[in-house]
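One structure below.
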Amino acid sequence: GQQLNQSPQSMFIQEGEDVSMNCTSSSIFNTWLWYKQEPGEGPVLLIALYKAGELTSNGRLTAQFGITRKDSFLNISASIPSDVGIYFCAGQGGSEKLVFGKGTKLTVNP
Amino acid sequence: ETGVTQTPRHLVMGMTNKKSLKCEQHLGHNAMYWYKQSAKKPLELMFVYNFKEQTENNSVPSRFSPECPNSSHLFLHLHTLQPEDSALYLCASSHSWGLNTEAFFGQGTRLTVV
């Protein structure tokens, strides 16, 4: 079945630094979604991407749908302590099912 | 109030117990989902209901039994579970089951089987 490789698995950064994480797939996706999950909570949708090459921002977050349709990245600029959590990518290809990455755990040191 | 509400938030049950998880969505969506989230593993889709009809059963053991009485409510009935079933169970909803689907999640039920 379809699988997503999300990297890095974890990141430890200083407040104020920029963050970049990505997801890649061996197959083509039509939709890319990025979620954030905080401890004890469910994933919250951050950004949705529907077209190859699309670049979308949500505050300090920016995500792009790769031109090849096999990858996507998420950038967080000027990180703050409340950015901590696990960030998940999810993709939807030929089937209706969303496929999720394993997540990137972000720790921000004040 | 969040769009998707799950109860209870935490549940501890013995292997011989029967319990149910409840999910309610206030988003006017037509599709609802159950996911299992275990440590170090991607989210696993368990069941999908679209317009109250089950469209997906992702090879889930029969000790998990879903029920969708209407488009706003989804239940997961649990019986004779195993310790390895301990996980965070997440409910989600979307406008409908299909392409370009944005799923919105509840806060989850943390299940511990003892």
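Residues are referred to by chain and number: the chain letter is A, B, ... according to the order shown in the structure tokens, the number counts from 1 in that chain, and ligands are numbered separately from 1 in the order shown.
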
Using only C-alpha atoms, which protein or nucleic acid residues come within 6 Å of stretch 22-24 of chain B? Drop anything in the same chain fewer than 4 positions from it, and give the result as a PyMOL selection string.
chain B and resi 4-7+72-75

Could you dump the residues just selected with N, CA and C atoms as a PDB file, in the first residue's frame?
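The resulting file, selection37.pdb, is shown below:
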ATOM      1  N   VAL B   4     -15.655  18.185  16.725  1.00  0.00           N
ATOM      2  CA  VAL B   4     -15.783  16.740  16.909  1.00  0.00           C
ATOM      3  C   VAL B   4     -15.495  16.441  18.388  1.00  0.00           C
ATOM      4  N   THR B   5     -16.454  15.846  19.054  1.00  0.00           N
ATOM      5  CA  THR B   5     -16.355  15.598  20.493  1.00  0.00           C
ATOM      6  C   THR B   5     -16.363  14.106  20.775  1.00  0.00           C
ATOM      7  N   GLN B   6     -15.386  13.665  21.559  1.00  0.00           N
ATOM      8  CA  GLN B   6     -15.310  12.248  21.907  1.00  0.00           C
ATOM      9  C   GLN B   6     -15.451  12.064  23.412  1.00  0.00           C
ATOM     10  N   THR B   7     -16.161  11.028  23.797  1.00  0.00           N
ATOM     11  CA  THR B   7     -16.265  10.643  25.206  1.00  0.00           C
ATOM     12  C   THR B   7     -16.186   9.131  25.336  1.00  0.00           C
ATOM     13  N   SER B  72     -24.295  12.302  12.473  1.00  0.00           N
ATOM     14  CA  SER B  72     -23.620  13.104  13.499  1.00  0.00           C
ATOM     15  C   SER B  72     -23.010  12.274  14.612  1.00  0.00           C
ATOM     16  N   HIS B  73     -23.355  11.011  14.700  1.00  0.00           N
ATOM     17  CA  HIS B  73     -22.916  10.190  15.821  1.00  0.00           C
ATOM     18  C   HIS B  73     -22.261   8.902  15.344  1.00  0.00           C
ATOM     19  N   LEU B  74     -21.220   8.539  16.055  1.00  0.00           N
ATOM     20  CA  LEU B  74     -20.480   7.318  15.743  1.00  0.00           C
ATOM     21  C   LEU B  74     -20.061   6.673  17.058  1.00  0.00           C
ATOM     22  N   PHE B  75     -20.240   5.363  17.132  1.00  0.00           N
ATOM     23  CA  PHE B  75     -19.849   4.631  18.330  1.00  0.00           C
ATOM     24  C   PHE B  75     -18.842   3.552  17.955  1.00  0.00           C
TER      25      PHE B  75
END

Interface list for chain B, partner chain A, 10 Å threshold, only C-alpha atoms, as a ChimeraX atom specification
/B:4,6,9-10,37,39-45,48,56,88-92,97-110

Selection from above, N, CA and C atoms, as a compact mmCIF listing (two decimals), in the first residue's frame, can you write it?
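This went into selection-v4.txt:
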# COMPACT_ATOMS: atom_id res chain seq x y z
N VAL B 4 -15.66 18.18 16.72
CA VAL B 4 -15.78 16.74 16.91
C VAL B 4 -15.49 16.44 18.39
N GLN B 6 -15.39 13.67 21.56
CA GLN B 6 -15.31 12.25 21.91
C GLN B 6 -15.45 12.06 23.41
N ARG B 9 -12.79 10.65 27.62
CA ARG B 9 -11.43 11.01 27.23
C ARG B 9 -10.44 9.92 27.63
N HIS B 10 -10.74 9.25 28.73
CA HIS B 10 -9.87 8.18 29.21
C HIS B 10 -10.74 6.99 29.61
N GLN B 37 -4.38 5.18 17.14
CA GLN B 37 -3.05 5.77 17.18
C GLN B 37 -2.23 5.08 18.26
N ALA B 39 1.84 4.23 19.72
CA ALA B 39 3.16 4.87 19.76
C ALA B 39 4.02 4.38 18.60
N LYS B 40 4.75 5.29 18.00
CA LYS B 40 5.74 5.00 16.96
C LYS B 40 5.14 4.44 15.67
N LYS B 41 3.82 4.53 15.52
CA LYS B 41 3.19 4.01 14.31
C LYS B 41 2.32 5.09 13.68
N PRO B 42 2.14 5.05 12.37
CA PRO B 42 1.23 6.02 11.74
C PRO B 42 -0.20 5.77 12.19
N LEU B 43 -1.01 6.78 12.05
CA LEU B 43 -2.44 6.62 12.32
C LEU B 43 -3.00 5.50 11.46
N GLU B 44 -3.78 4.61 12.09
CA GLU B 44 -4.36 3.48 11.36
C GLU B 44 -5.86 3.68 11.21
N LEU B 45 -6.30 3.72 9.96
CA LEU B 45 -7.74 3.82 9.71
C LEU B 45 -8.40 2.49 10.06
N VAL B 48 -14.83 3.46 8.23
CA VAL B 48 -15.36 4.66 7.60
C VAL B 48 -16.85 4.49 7.41
N GLU B 56 -15.77 1.29 4.72
CA GLU B 56 -14.45 0.70 4.91
C GLU B 56 -14.39 -0.02 6.24
N LEU B 88 -4.61 5.31 21.64
CA LEU B 88 -5.49 6.48 21.54
C LEU B 88 -6.42 6.23 20.35
N TYR B 89 -7.73 6.26 20.60
CA TYR B 89 -8.70 6.05 19.53
C TYR B 89 -9.28 7.40 19.15
N LEU B 90 -9.11 7.72 17.89
CA LEU B 90 -9.49 9.03 17.38
C LEU B 90 -10.67 8.91 16.43
N CYS B 91 -11.62 9.78 16.62
CA CYS B 91 -12.75 9.90 15.70
C CYS B 91 -12.48 11.12 14.82
N ALA B 92 -12.90 11.04 13.59
CA ALA B 92 -12.75 12.17 12.67
C ALA B 92 -13.98 12.25 11.79
N TRP B 97 -16.89 11.14 2.07
CA TRP B 97 -15.82 10.17 1.80
C TRP B 97 -15.47 10.30 0.33
N GLY B 98 -14.25 10.68 0.05
CA GLY B 98 -13.87 10.83 -1.34
C GLY B 98 -12.58 11.60 -1.45
N LEU B 99 -12.27 12.07 -2.64
CA LEU B 99 -11.03 12.78 -2.88
C LEU B 99 -11.10 14.19 -2.30
N ASN B 100 -9.91 14.78 -2.13
CA ASN B 100 -9.82 16.15 -1.57
C ASN B 100 -10.56 16.25 -0.25
N THR B 101 -10.28 15.28 0.60
CA THR B 101 -10.98 15.19 1.87
C THR B 101 -10.15 15.80 2.98
N GLU B 102 -10.71 16.74 3.71
CA GLU B 102 -10.06 17.28 4.90
C GLU B 102 -10.75 16.66 6.10
N ALA B 103 -10.00 15.90 6.88
CA ALA B 103 -10.56 15.24 8.05
C ALA B 103 -10.31 16.09 9.28
N PHE B 104 -11.32 16.21 10.12
CA PHE B 104 -11.23 16.96 11.36
C PHE B 104 -11.38 15.96 12.51
N PHE B 105 -10.45 16.03 13.45
CA PHE B 105 -10.37 15.03 14.49
C PHE B 105 -10.94 15.50 15.82
N GLY B 106 -11.42 14.53 16.59
CA GLY B 106 -11.75 14.76 17.98
C GLY B 106 -10.50 14.68 18.84
N GLN B 107 -10.68 14.84 20.15
CA GLN B 107 -9.54 14.85 21.06
C GLN B 107 -9.07 13.44 21.41
N GLY B 108 -9.86 12.45 21.07
CA GLY B 108 -9.44 11.07 21.28
C GLY B 108 -9.87 10.50 22.62
N THR B 109 -9.91 9.18 22.68
CA THR B 109 -10.13 8.44 23.92
C THR B 109 -8.87 7.62 24.17
N ARG B 110 -8.23 7.86 25.29
CA ARG B 110 -7.05 7.08 25.66
C ARG B 110 -7.53 5.81 26.34

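Residue nearest A:Gly59, chosen from A:Thr104, A:Gln6, A:Ser27, A:Ser79 and counting only C-alpha atoms: A:Ser79.
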
Tell me which protein, DNA and RNA residues are within 8 Å of B:Met13, counting only C-alpha atoms, leaving out same-chain ones fewer than 5 positions away, and put them as number ranges by chain.
B: 19, 111-114

Which of stretch 17-49 of chain B fall in strand (DSSP E), as a ChimeraX atom specification
/B:18-25,31-37,44-49

Export C-alpha atoms of the chosen residues as a PDB file, in the first residue's frame?
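So the final result, stored in part07.pdb, reads:
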ATOM      1  CA  LYS B  18     -17.745  -4.361  27.379  1.00  0.00           C
ATOM      2  CA  LYS B  19     -17.527  -0.631  26.827  1.00  0.00           C
ATOM      3  CA  SER B  20     -18.396   1.889  24.131  1.00  0.00           C
ATOM      4  CA  LEU B  21     -16.675   4.969  22.787  1.00  0.00           C
ATOM      5  CA  LYS B  22     -18.826   7.814  21.555  1.00  0.00           C
ATOM      6  CA  CYS B  23     -18.162  10.457  18.926  1.00  0.00           C
ATOM      7  CA  GLU B  24     -20.348  13.383  17.942  1.00  0.00           C
ATOM      8  CA  GLN B  25     -19.689  15.960  15.246  1.00  0.00           C
ATOM      9  CA  ALA B  31     -18.449  10.949   6.690  1.00  0.00           C
ATOM     10  CA  MET B  32     -17.098   9.753  10.028  1.00  0.00           C
ATOM     11  CA  TYR B  33     -14.035   7.694  10.818  1.00  0.00           C
ATOM     12  CA  TRP B  34     -12.373   5.706  13.584  1.00  0.00           C
ATOM     13  CA  TYR B  35      -8.587   5.733  13.749  1.00  0.00           C
ATOM     14  CA  LYS B  36      -6.198   3.959  16.111  1.00  0.00           C
ATOM     15  CA  GLN B  37      -3.046   5.768  17.184  1.00  0.00           C
ATOM     16  CA  GLU B  44      -4.360   3.476  11.361  1.00  0.00           C
ATOM     17  CA  LEU B  45      -7.738   3.821   9.709  1.00  0.00           C
ATOM     18  CA  MET B  46     -10.216   1.372  11.233  1.00  0.00           C
ATOM     19  CA  PHE B  47     -13.676   2.174   9.919  1.00  0.00           C
ATOM     20  CA  VAL B  48     -15.357   4.661   7.596  1.00  0.00           C
ATOM     21  CA  TYR B  49     -19.023   5.580   7.491  1.00  0.00           C
TER      22      TYR B  49
END

Need the shell around A:Ser77: protein/DNA/RNA residues with any atom at most 12 Å away, counting only C-alpha atoms. Skip same-chain ones fewer than 4 positions apart. Format as a VMD selection string?
chain A and resid 13 to 21 57 to 63 83

With only C-alpha atoms as the counted atoms, please give the residues lying no more than 8 Å from B:Met15, apart from itself and same-chain residues fewer than 3 positions off, as a PyMOL selection string.
chain B and resi 79-83+113-114

The selected residues should be written to file as a compact mmCIF listing (two decimals), in the first residue's frame (atoms: N, CA and C atoms).
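Saved as out16.txt:
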# COMPACT_ATOMS: atom_id res chain seq x y z
N HIS B 79 -15.35 -5.18 23.13
CA HIS B 79 -15.57 -6.33 24.00
C HIS B 79 -14.44 -7.32 23.86
N THR B 80 -14.08 -7.93 24.97
CA THR B 80 -12.98 -8.90 25.07
C THR B 80 -11.72 -8.40 24.38
N LEU B 81 -11.31 -7.17 24.75
CA LEU B 81 -10.11 -6.60 24.16
C LEU B 81 -8.86 -7.23 24.75
N GLN B 82 -7.75 -6.99 24.07
CA GLN B 82 -6.44 -7.48 24.49
C GLN B 82 -5.58 -6.30 24.93
N PRO B 83 -4.57 -6.55 25.75
CA PRO B 83 -3.70 -5.43 26.17
C PRO B 83 -3.09 -4.68 24.99
N VAL B 113 -6.16 -1.25 28.30
CA VAL B 113 -6.75 -2.57 28.56
C VAL B 113 -5.84 -3.32 29.54
N VAL B 114 -6.43 -3.71 30.66
CA VAL B 114 -5.62 -4.36 31.70
C VAL B 114 -6.06 -5.82 31.89
